Structure formats: structure tokens, C-alpha cells
>>> print(open('my_file_26.tsv').read())   # TSV, C-alpha atoms
chain	number	residue	atom	x	y	z
J	1	MET	CA	86.40	12.24	183.26
J	2	THR	CA	87.96	9.01	184.48
J	3	TYR	CA	91.58	8.08	184.20
J	4	SER	CA	90.75	5.42	181.63
J	5	GLU	CA	89.11	7.96	179.32
J	6	GLY	CA	92.17	10.22	179.48
J	7	TRP	CA	94.45	7.28	178.80
J	8	ILE	CA	92.37	6.27	175.78
J	9	ASP	CA	92.64	9.80	174.36
J	10	PHE	CA	96.40	9.75	174.87
J	11	ILE	CA	96.95	6.36	173.19
J	12	ALA	CA	94.59	7.15	170.31
J	13	GLY	CA	96.32	10.48	169.75
J	14	TRP	CA	99.71	8.78	169.75
J	15	PHE	CA	98.75	6.38	166.95
J	16	SER	CA	97.02	9.21	165.11
J	17	GLY	CA	100.14	11.37	165.03
J	18	GLY	CA	102.44	8.57	163.92
J	19	ALA	CA	100.19	7.59	161.02
J	20	ALA	CA	99.91	11.18	159.77
J	21	VAL	CA	103.69	11.76	159.81
J	22	ILE	CA	104.53	8.59	157.89
J	23	ALA	CA	101.91	9.34	155.24
J	24	CYS	CA	102.64	13.04	154.67
J	25	GLN	CA	106.34	13.68	155.44
J	26	PRO	CA	107.46	14.00	151.77
J	27	ILE	CA	105.07	16.91	151.21
J	28	ASP	CA	106.30	18.53	154.43
J	29	THR	CA	109.90	18.35	153.25
J	30	VAL	CA	109.08	20.14	149.99
J	31	LEU	CA	106.96	22.74	151.79
J	32	THR	CA	109.64	23.51	154.39
J	33	ARG	CA	112.20	24.24	151.68
J	34	LEU	CA	109.73	26.52	149.92
J	35	GLN	CA	108.94	28.38	153.16
J	36	ALA	CA	112.60	28.79	154.09
J	37	GLY	CA	113.11	30.96	151.02
J	38	ALA	CA	115.77	33.59	150.73
J	39	SER	CA	116.88	33.49	154.35
J	40	SER	CA	118.63	30.17	153.84
J	41	LEU	CA	120.15	30.79	150.42
J	42	SER	CA	123.51	31.92	151.71
J	43	ARG	CA	123.80	28.96	154.07
J	44	GLN	CA	122.95	26.48	151.33
J	45	ALA	CA	125.15	28.08	148.68
J	46	SER	CA	128.22	27.35	150.75
J	47	MET	CA	127.25	23.69	150.90
J	48	SER	CA	126.06	22.78	147.41
J	49	SER	CA	125.10	24.59	144.23
J	50	SER	CA	122.41	21.99	143.61
J	51	TYR	CA	120.21	23.71	146.18
J	52	SER	CA	119.67	26.78	144.02
J	53	SER	CA	116.50	25.57	142.30
J	54	TYR	CA	114.70	24.19	145.32
J	55	PHE	CA	112.53	27.14	146.20
J	56	SER	CA	109.72	26.50	143.72
J	57	SER	CA	107.32	23.79	144.83
J	58	ARG	CA	107.03	22.33	141.34
J	59	PRO	CA	110.63	21.17	140.85
J	60	ALA	CA	111.43	20.72	144.54
J	61	ALA	CA	110.54	17.06	144.89
J	62	LYS	CA	112.17	16.17	141.56
J	63	SER	CA	115.36	18.04	142.49
J	64	LEU	CA	115.62	16.34	145.87
J	65	VAL	CA	115.05	12.88	144.44
J	66	SER	CA	117.48	13.36	141.52
J	67	ASN	CA	120.26	14.73	143.72
J	68	PHE	CA	119.82	12.81	146.96
J	69	GLY	CA	117.47	9.91	146.26
J	70	VAL	CA	113.89	9.12	147.21
J	71	SER	CA	114.78	8.83	150.90
J	72	SER	CA	115.55	12.58	150.96
J	73	LEU	CA	111.80	13.25	150.88
J	74	TRP	CA	111.61	11.82	154.40
J	75	ARG	CA	114.29	14.13	155.80
J	76	GLY	CA	113.38	15.16	159.30
J	77	SER	CA	110.97	12.26	159.71
J	78	SER	CA	112.98	10.67	162.53
J	79	ALA	CA	112.59	13.75	164.69
J	80	MET	CA	108.92	14.11	163.80
J	81	ILE	CA	108.06	10.43	164.26
J	82	SER	CA	109.67	10.62	167.69
J	83	ALA	CA	107.77	13.76	168.74
J	84	VAL	CA	104.54	14.06	166.75
J	85	PRO	CA	102.83	11.08	168.40
J	86	MET	CA	103.45	12.75	171.77
J	87	GLN	CA	102.32	16.08	170.31
J	88	ASN	CA	99.11	14.55	169.00
J	89	ALA	CA	98.54	12.73	172.26
J	90	LEU	CA	98.68	16.05	174.12
J	91	LEU	CA	96.37	17.68	171.58
J	92	MET	CA	93.81	14.88	171.58
J	93	SER	CA	93.90	14.74	175.37
J	94	GLY	CA	93.13	18.45	175.51
J	95	TYR	CA	90.32	17.97	173.01
J	96	GLY	CA	88.85	15.05	174.96
J	97	ILE	CA	89.13	16.80	178.32
J	98	GLY	CA	87.53	19.98	177.04
J	99	LYS	CA	84.70	18.12	175.34
J	100	ARG	CA	83.86	15.88	178.30
J	101	TRP	CA	84.07	18.77	180.80
J	102	SER	CA	81.64	20.80	178.69
J	103	GLU	CA	79.25	17.88	178.24
J	104	GLN	CA	79.15	17.34	182.00
J	105	ASN	CA	79.07	20.96	183.19
J	106	THR	CA	77.86	23.18	180.35
J	107	PRO	CA	76.09	20.90	177.84
J	108	ASN	CA	74.89	23.90	175.83
J	109	LYS	CA	78.45	25.14	175.34
J	110	VAL	CA	80.30	22.02	174.18
J	111	TYR	CA	81.94	23.89	171.32
J	112	LEU	CA	83.45	26.38	173.76
J	113	GLY	CA	84.98	23.56	175.79
J	114	VAL	CA	86.38	21.93	172.67
J	115	PHE	CA	87.88	25.24	171.55
J	116	CYS	CA	89.48	25.95	174.94
J	117	GLY	CA	90.79	22.39	175.23
J	118	GLY	CA	92.35	22.64	171.78
J	119	CYS	CA	93.98	26.00	172.58
J	120	CYS	CA	95.46	24.68	175.84
J	121	GLY	CA	96.74	21.52	174.16
J	122	GLY	CA	98.21	23.61	171.34
J	123	VAL	CA	100.11	25.91	173.70
J	124	LEU	CA	101.48	23.02	175.78
J	125	GLN	CA	102.72	21.01	172.81
J	126	SER	CA	104.43	24.11	171.37
J	127	PHE	CA	107.18	23.76	173.97
J	128	LEU	CA	107.76	20.18	172.80
J	129	MET	CA	107.52	20.84	169.07
J	130	SER	CA	109.51	24.08	168.72
J	131	PRO	CA	112.97	22.51	169.25
J	132	VAL	CA	111.91	19.34	167.42
J	133	GLU	CA	110.84	21.35	164.38
J	134	LEU	CA	114.11	23.25	164.56
J	135	ILE	CA	115.88	19.91	164.12
J	136	LYS	CA	113.55	19.02	161.26
J	137	VAL	CA	114.04	22.35	159.47
J	138	GLU	CA	117.83	22.08	159.71
J	139	GLN	CA	117.69	18.61	158.17
J	140	GLN	CA	115.27	19.59	155.42
J	141	VAL	CA	116.76	22.96	154.48
J	142	VAL	CA	120.48	22.68	155.23
J	143	GLY	CA	120.74	18.93	154.65
J	144	THR	CA	122.51	18.00	157.90
J	145	SER	CA	122.10	14.54	159.38
J	146	ALA	CA	119.60	13.83	162.14
J	147	LEU	CA	122.42	13.36	164.64
J	148	SER	CA	124.19	16.62	163.73
J	149	ALA	CA	120.96	18.60	163.76
J	150	THR	CA	120.01	17.15	167.14
J	151	ARG	CA	123.43	18.00	168.57
J	152	ASN	CA	123.19	21.57	167.32
J	153	VAL	CA	119.79	22.08	168.92
J	154	ALA	CA	120.88	20.36	172.13
J	155	LYS	CA	123.82	22.78	172.39
J	156	GLY	CA	121.32	25.59	172.07
J	157	PHE	CA	119.73	24.63	175.37
J	158	LEU	CA	123.03	25.30	177.09
J	159	SER	CA	123.95	28.51	175.30
J	160	ALA	CA	123.25	31.99	176.58
J	161	GLN	CA	121.30	32.80	173.41
J	162	ASN	CA	118.79	29.96	174.01
J	163	GLY	CA	119.19	28.88	170.39
J	164	ALA	CA	117.09	25.77	170.87
J	165	TRP	CA	114.00	27.95	171.27
J	166	ARG	CA	114.46	29.91	168.04
J	167	GLY	CA	111.00	30.41	166.56
J	168	LEU	CA	109.11	29.56	169.78
J	169	GLY	CA	107.07	32.78	169.75
J	170	ALA	CA	105.78	32.11	166.23
J	171	THR	CA	105.15	28.48	167.16
J	172	LEU	CA	102.95	29.54	170.07
J	173	LEU	CA	100.97	31.85	167.78
J	174	ARG	CA	100.63	29.08	165.20
J	175	ASP	CA	99.60	26.36	167.66
J	176	GLY	CA	97.45	28.17	170.24
J	177	ILE	CA	94.23	29.59	168.85
J	178	PRO	CA	94.54	27.75	165.49
J	179	HIS	CA	94.39	24.39	167.28
J	180	GLY	CA	91.28	25.53	169.10
J	181	VAL	CA	89.82	26.42	165.71
J	182	TRP	CA	90.94	23.01	164.39
J	183	PHE	CA	89.08	21.02	167.03
J	184	LEU	CA	86.07	23.33	166.99
J	185	SER	CA	85.78	22.95	163.21
J	186	TYR	CA	86.15	19.18	163.48
J	187	GLU	CA	83.48	18.87	166.14
J	188	TYR	CA	81.10	21.11	164.21
J	189	ALA	CA	81.59	19.24	160.93
J	190	LYS	CA	81.33	15.86	162.62
J	191	ASN	CA	78.08	16.73	164.41
J	192	SER	CA	76.63	18.26	161.24
J	193	LEU	CA	77.38	15.16	159.18
J	194	VAL	CA	75.96	12.83	161.81
J	195	GLU	CA	72.81	14.91	162.15
J	196	ARG	CA	72.35	15.10	158.41
J	197	ALA	CA	72.71	11.34	158.07
J	198	ARG	CA	70.16	10.77	160.81
J	199	MET	CA	67.69	13.18	159.21
J	200	ASN	CA	67.98	11.52	155.84
J	201	GLN	CA	67.60	8.08	157.41
J	202	GLU	CA	69.24	6.37	154.49
J	203	LYS	CA	72.48	4.67	153.76
J	204	SER	CA	75.17	6.66	152.01
J	205	SER	CA	78.15	5.34	150.11
J	206	ILE	CA	80.21	8.15	151.62
J	207	LEU	CA	79.03	8.10	155.24
J	208	GLY	CA	78.32	4.39	155.55
J	209	SER	CA	75.40	2.59	157.16
J	210	ASN	CA	76.39	3.46	160.72
J	211	SER	CA	76.58	7.25	160.59
J	212	SER	CA	78.12	7.81	164.00
J	213	ASN	CA	81.02	5.40	163.43
J	214	SER	CA	81.53	5.47	159.66
J	215	VAL	CA	84.83	5.92	157.89
J	216	GLY	CA	83.66	8.97	155.97
J	217	ILE	CA	82.69	11.21	158.88
J	218	PRO	CA	86.12	11.59	160.58
J	219	LEU	CA	87.84	11.78	157.18
J	220	LEU	CA	85.60	14.55	155.84
J	221	SER	CA	85.47	16.38	159.17
J	222	GLY	CA	89.24	16.21	159.54
J	223	ALA	CA	89.76	17.60	156.05
J	224	PHE	CA	87.38	20.49	156.73
J	225	ALA	CA	89.02	21.23	160.08
J	226	ALA	CA	92.51	21.37	158.55
J	227	THR	CA	91.40	23.84	155.90
J	228	VAL	CA	89.79	26.22	158.39
J	229	ALA	CA	92.56	25.99	161.00
J	230	TRP	CA	95.42	26.57	158.58
J	231	ALA	CA	93.61	29.51	157.03
J	232	VAL	CA	93.92	31.06	160.50
J	233	GLY	CA	97.40	29.93	161.51
J	234	TYR	CA	99.42	29.55	158.31
J	235	PRO	CA	101.15	32.97	158.33
J	236	PHE	CA	102.73	32.12	161.70
J	237	ASP	CA	103.89	28.75	160.37
J	238	LEU	CA	105.60	30.49	157.47
J	239	ILE	CA	107.20	33.04	159.81
J	240	LYS	CA	108.30	30.27	162.18
J	241	THR	CA	110.02	28.32	159.42
J	242	ARG	CA	111.74	31.43	158.06
J	243	ILE	CA	113.12	32.24	161.53
J	244	GLN	CA	114.23	28.66	162.20
J	245	ALA	CA	115.88	28.38	158.78
J	246	GLY	CA	118.37	31.06	159.76
J	247	GLY	CA	116.44	34.28	159.93
J	248	THR	CA	117.75	36.82	162.41
J	249	LYS	CA	114.65	38.99	162.67
J	250	GLY	CA	111.67	38.79	165.02
J	251	ILE	CA	108.09	37.89	164.17
J	252	ILE	CA	106.93	41.35	163.04
J	253	ASP	CA	110.08	42.14	161.05
J	254	THR	CA	109.97	38.71	159.39
J	255	ALA	CA	106.36	39.31	158.41
J	256	LYS	CA	107.34	42.67	156.91
J	257	GLU	CA	110.16	40.97	155.03
J	258	LEU	CA	107.77	38.41	153.56
J	259	VAL	CA	105.34	41.12	152.47
J	260	HIS	CA	108.21	43.12	150.93
J	261	GLU	CA	109.41	40.06	148.99
J	262	SER	CA	105.93	39.70	147.50
J	263	GLY	CA	105.89	43.25	146.21
J	264	GLY	CA	103.95	44.70	149.11
J	265	ARG	CA	101.06	42.22	148.83
J	266	PRO	CA	100.28	40.88	152.35
J	267	ILE	CA	98.11	37.93	151.32
J	268	LEU	CA	100.59	36.70	148.73
J	269	GLY	CA	103.54	37.19	151.07
J	270	LEU	CA	102.07	35.66	154.24
J	271	TYR	CA	100.35	32.76	152.47
J	272	ARG	CA	103.25	31.68	150.27
J	273	GLY	CA	103.05	27.90	149.95
J	274	PHE	CA	99.55	27.76	151.46
J	275	THR	CA	98.20	25.49	148.72
J	276	LEU	CA	101.01	23.01	149.28
J	277	LYS	CA	100.36	23.20	153.02
J	278	LEU	CA	96.76	22.18	152.43
J	279	VAL	CA	97.93	19.34	150.18
J	280	ARG	CA	99.77	18.01	153.23
J	281	ALA	CA	97.46	19.15	156.03
J	282	ILE	CA	94.13	17.92	154.64
J	283	PRO	CA	95.13	14.25	154.30
J	284	ALA	CA	97.17	14.43	157.51
J	285	SER	CA	94.19	15.77	159.45
J	286	ALA	CA	91.79	13.32	157.82
J	287	ILE	CA	94.08	10.35	158.52
J	288	GLY	CA	94.82	11.61	162.03
J	289	PHE	CA	91.20	11.98	163.09
J	290	PHE	CA	90.21	8.69	161.46
J	291	VAL	CA	92.96	6.79	163.31
J	292	TYR	CA	92.10	8.63	166.53
J	293	GLU	CA	88.41	7.74	166.31
J	294	TYR	CA	89.16	4.15	165.28
J	295	VAL	CA	91.65	3.48	168.09
J	296	LYS	CA	89.48	5.28	170.63
J	297	ASP	CA	86.39	3.25	169.69
J	298	SER	CA	88.37	0.00	169.66
J	299	MET	CA	89.84	0.61	173.11
J	300	SER	CA	86.51	1.78	174.55
J	301	ASN	CA	84.74	-1.32	173.24
J	302	LYS	CA	87.37	-3.64	174.72
J	303	MET	CA	87.09	-1.96	178.13
J	304	GLU	CA	83.31	-2.41	178.10
J	305	MET	CA	83.61	-6.14	177.45
>>> encode(input="my_file_26.tsv", output="C-alpha cells")
Amino acid sequence: MTYSEGWIDFIAGWFSGGAAVIACQPIDTVLTRLQAGASSLSRQASMSSSYSSYFSSRPAAKSLVSNFGVSSLWRGSSAMISAVPMQNALLMSGYGIGKRWSEQNTPNKVYLGVFCGGCCGGVLQSFLMSPVELIKVEQQVVGTSALSATRNVAKGFLSAQNGAWRGLGATLLRDGIPHGVWFLSYEYAKNSLVERARMNQEKSSILGSNSSNSVGIPLLSGAFAATVAWAVGYPFDLIKTRIQAGGTKGIIDTAKELVHESGGRPILGLYRGFTLKLVRAIPASAIGFFVYEYVKDSMSNKMEM
């Protein structure tokens, strides 16, 4: 791998992350409030009675808009727009490094390299995203301003309790192996679609005339990858949000609490809000991979000229 290739991955990932946040932040705001659940009720009740009906996904968006305006759907976006491009840049760099290393050294095990690269990128970006998501959750659930939420988290870095890292353990579990699964699923779907298009040797309205560079392939592959990856990592995302929204318990006890709240049904308890997560994650992943591939191809072509 040359420096230029790594730089291209970084820049493409940066644009990819920014595009996904802008497009999907309203869904994320609704989902975060749903995930926060009972652990934040007491905190919100002391602030405003209008929060009481926010924990069902159906009326959540309507309630936010009617009480606080349309802009409330983008709560937390400033923190995410600042950090997610960097997060995605790290992830895409890990993906690119792993893929190129495997292609050069173990061409028969490219998927393994992609998986390992995704896992490493996921773990590294967890240390960036955990405090950033804590800011986001405080804005979305409690309703504090971006400045106040940032100050609160910044104070946590200096406190003996390390409050700025609340939820880090669950974040690592959510972003490690699941990101490896994400990139592995994307690479598999992408290669399968390209191979199928080549075997058919015909133009497709979905895949386009140039199968390896069409719009459809990264969009469809990204959507598939998001579904598979979140099926693996979603319980830890739910636990992470519950902890960051004011929960005082650890990962295992929070998981038990979620299962108890669902009447002892683990799947229902640990996958609460999963459908809404897919509503956000599928387009975000599709848009992210499309922008990544587009920017990467554009930059590579300009460097070859």
C-alpha cells in the first residue's frame, strides 16, 4: 500500500461519513429516545412533562416537531457531523488496508483481511465516538444544548469517575466485531453482484452498464452489509445508549434489565427499536459506501492522469 492509497481511503471515508449523518440524523434522534427508555424518565420529568410520550417510535418524531420544531430532529448532529467523518475515515482506512494487504500477501483470504481490518478500525474509532455519542445522547434525550452537553462531557475527562467514557465498554463490543462483519458482508455482496453481472453479460437497469462502477452495486451491497452487521451488534448499541442516557448499571446488568422490561423475552428486550435502527442504518450504509466508492474512484482517476 502506498501513502496515496491510504490518503484516498481517508478522504473518501470522510465524505462518506458526512453525507450519511446529514441524510439520516432525524431517524437517529427518534431511535435514541426510544432506546433510552425508562432509565431517563426521571431526568426528563424534572425538565418537561412533554417528554412523557416520546418513548414510542410512532409518535416520537411528531412530538418532537410539535413541541420543539423541525430542527429538533437534528439534535446532536453538530457533534456527529464533527466526528463521524473522522470515524468513517478511520473505518474505511482499516477496510482499505486490510483488503490491499490480503490481496498482496494472501490473495485467497481477502475476506479475512477485510474482516480484520474492519475490526481494528472499529475498535480504534470507538475511543473517538464514545464521548462524542455521549454528547449526542445528552442532547437528544435530555434536550441540553450542544455547548452544555460538550462541557459536561469535557468535565468528565477531568473527574475521578471518568464520566466522559461512560458506555465505552458497550461501544467497543458494538463497534469491534460488528464492523468486521459489516465490511466482510459488503465485500461479499459487492463481489457477488459484480460476478453475477459479468456472467449474465447484459445491461441491467439496477446495476448499470458498467457493473464494476455502477451506482447500484455499492448501494445494494451497503444496504445488505448494514442489515447483517446490525443483526450482530444491535444489542450492544441498545445497552450503550441506555448506559449513556443515565443508567448506573454495567453491561450485563443493563442487559438483564432490558430483558426483564420485556417480560423475560431476550430477543424482544435486546432488539427493541431494531426495525427503526435498520430504517436509519440501511440508507446510511448505502449512501456511505456509494459516496466512498465515488470519491475513491474520482481521486484515483485524477491521480492516474
>>> residues_around(input="my_file_26.tsv", residues="Ala286 of chain J", least_positions_apart="6", cutoff="8 Å", atoms="all atoms listed in the file", output="PyMOL selection string")
chain J and resi 218-223
>>> residues_near_point(input="my_file_26.tsv", point="(91.2, 5.7, 173.8)", cutoff="7 Å", atoms="only C-alpha atoms", output="PyMOL selection string")
chain J and resi 5+7-12+295-297+299-300
>>> atom_distance(input="my_file_26.tsv", atom1="atom CA of Arg242 of chain J", atom2="atom CA of Ala23 of chain J")
24.3 Å
>>> residues_around(input="my_file_26.tsv", residues="segment 262-275 of chain J", least_positions_apart="6", cutoff="9 Å", atoms="all atoms listed in the file", output="PyMOL selection string")
chain J and resi 31+34-35+57+230-231+234-236+238-239+255-256
>>> residues_near_point(input="my_file_26.tsv", point="(116.7, 17.1, 162.7)", cutoff="7 Å", atoms="all atoms listed in the file", output="list of chain:residue names")
J:Gly76, J:Ala79, J:Leu134, J:Ile135, J:Lys136, J:Val137, J:Glu138, J:Gln139, J:Ser145, J:Ala146, J:Ala149, J:Thr150
>>> closest_residue(input="my_file_26.tsv", among="J:Gly233, J:Pro85, J:Gly246, J:Gly122", to="Gly180 of chain J", atoms="all atoms listed in the file")
J:Gly122
>>> closest_residue(input="my_file_26.tsv", among="J:Val194, J:Ile243, J:Leu90, J:Met303", to="Gly121 of chain J", atoms="all atoms listed in the file")
J:Leu90
>>> closest_residue(input="my_file_26.tsv", among="J:Leu128, J:Ser185, J:Val30, J:Trp165", to="Arg280 of chain J", atoms="all atoms listed in the file")
J:Val30
>>> residues_around(input="my_file_26.tsv", residues="Ala229 of chain J", least_positions_apart="2", cutoff="10 Å", atoms="only C-alpha atoms", output="mmCIF file with C-alpha atoms, in the coordinates of the input")
data_model
loop_
_atom_site.group_PDB
_atom_site.id
_atom_site.type_symbol
_atom_site.label_atom_id
_atom_site.label_comp_id
_atom_site.auth_asym_id
_atom_site.auth_seq_id
_atom_site.Cartn_x
_atom_site.Cartn_y
_atom_site.Cartn_z
ATOM 1 C CA ARG J 174 100.630 29.080 165.200
ATOM 2 C CA ASP J 175 99.600 26.360 167.660
ATOM 3 C CA ILE J 177 94.230 29.590 168.850
ATOM 4 C CA PRO J 178 94.540 27.750 165.490
ATOM 5 C CA HIS J 179 94.390 24.390 167.280
ATOM 6 C CA GLY J 180 91.280 25.530 169.100
ATOM 7 C CA VAL J 181 89.820 26.420 165.710
ATOM 8 C CA TRP J 182 90.940 23.010 164.390
ATOM 9 C CA PHE J 183 89.080 21.020 167.030
ATOM 10 C CA LEU J 184 86.070 23.330 166.990
ATOM 11 C CA SER J 185 85.780 22.950 163.210
ATOM 12 C CA TYR J 186 86.150 19.180 163.480
ATOM 13 C CA PHE J 224 87.380 20.490 156.730
ATOM 14 C CA ALA J 225 89.020 21.230 160.080
ATOM 15 C CA ALA J 226 92.510 21.370 158.550
ATOM 16 C CA THR J 227 91.400 23.840 155.900
ATOM 17 C CA ALA J 231 93.610 29.510 157.030
ATOM 18 C CA VAL J 232 93.920 31.060 160.500
ATOM 19 C CA GLY J 233 97.400 29.930 161.510
ATOM 20 C CA TYR J 234 99.420 29.550 158.310
ATOM 21 C CA ALA J 281 97.460 19.150 156.030
#
>>> closest_residue(input="my_file_26.tsv", among="J:Gln244, J:Asn152, J:Gln140, J:Thr254", to="Thr29 of chain J", atoms="all atoms listed in the file")
J:Gln140
>>> closest_residue(input="my_file_26.tsv", among="J:Val259, J:Leu124, J:Cys24, J:Ile251", to="Ala89 of chain J", atoms="only C-alpha atoms")
J:Leu124
>>> residues_around(input="my_file_26.tsv", residues="Val123 of chain J", least_positions_apart="3", cutoff="9 Å", atoms="only C-alpha atoms", output="list in words")
Gly118, Cys119, Cys120, Ser126, Phe127, Thr171, Leu172, Leu173, Asp175, Gly176, Ile177 and His179 of chain J
>>> axis_aligned_box(input="my_file_26.tsv", around="segment 263-278 of chain J", padding_each_side="5 Å", output="AutoDock Vina command-line options")
--center_x 101.3 --center_y 33.4 --center_z 150.2 --size_x 19.1 --size_y 32.5 --size_z 18.0
>>> atom_distance(input="my_file_26.tsv", atom1="atom CA of Glu187 of chain J", atom2="atom CA of Leu278 of chain J")
19.4 Å
>>> decode(input="my_file_26.tsv", residues="segment 285-299 of chain J", atoms="C-alpha atoms", output="PDB file, in the first residue's frame")
ATOM      1  CA  SER J 285     -24.714   2.417   4.855  1.00  0.00           C
ATOM      2  CA  ALA J 286     -25.875   2.530   1.238  1.00  0.00           C
ATOM      3  CA  ILE J 287     -25.190   6.267   0.960  1.00  0.00           C
ATOM      4  CA  GLY J 288     -21.893   5.913   2.819  1.00  0.00           C
ATOM      5  CA  PHE J 289     -20.479   3.178   0.607  1.00  0.00           C
ATOM      6  CA  PHE J 290     -21.731   4.873  -2.567  1.00  0.00           C
ATOM      7  CA  VAL J 291     -20.040   8.169  -1.638  1.00  0.00           C
ATOM      8  CA  TYR J 292     -16.898   6.289  -0.572  1.00  0.00           C
ATOM      9  CA  GLU J 293     -16.654   4.400  -3.871  1.00  0.00           C
ATOM     10  CA  TYR J 294     -17.468   7.510  -5.906  1.00  0.00           C
ATOM     11  CA  VAL J 295     -14.897   9.753  -4.199  1.00  0.00           C
ATOM     12  CA  LYS J 296     -12.290   6.990  -4.195  1.00  0.00           C
ATOM     13  CA  ASP J 297     -12.724   6.331  -7.926  1.00  0.00           C
ATOM     14  CA  SER J 298     -12.706  10.055  -8.720  1.00  0.00           C
ATOM     15  CA  MET J 299      -9.493  10.675  -6.790  1.00  0.00           C
TER      16      MET J 299
END
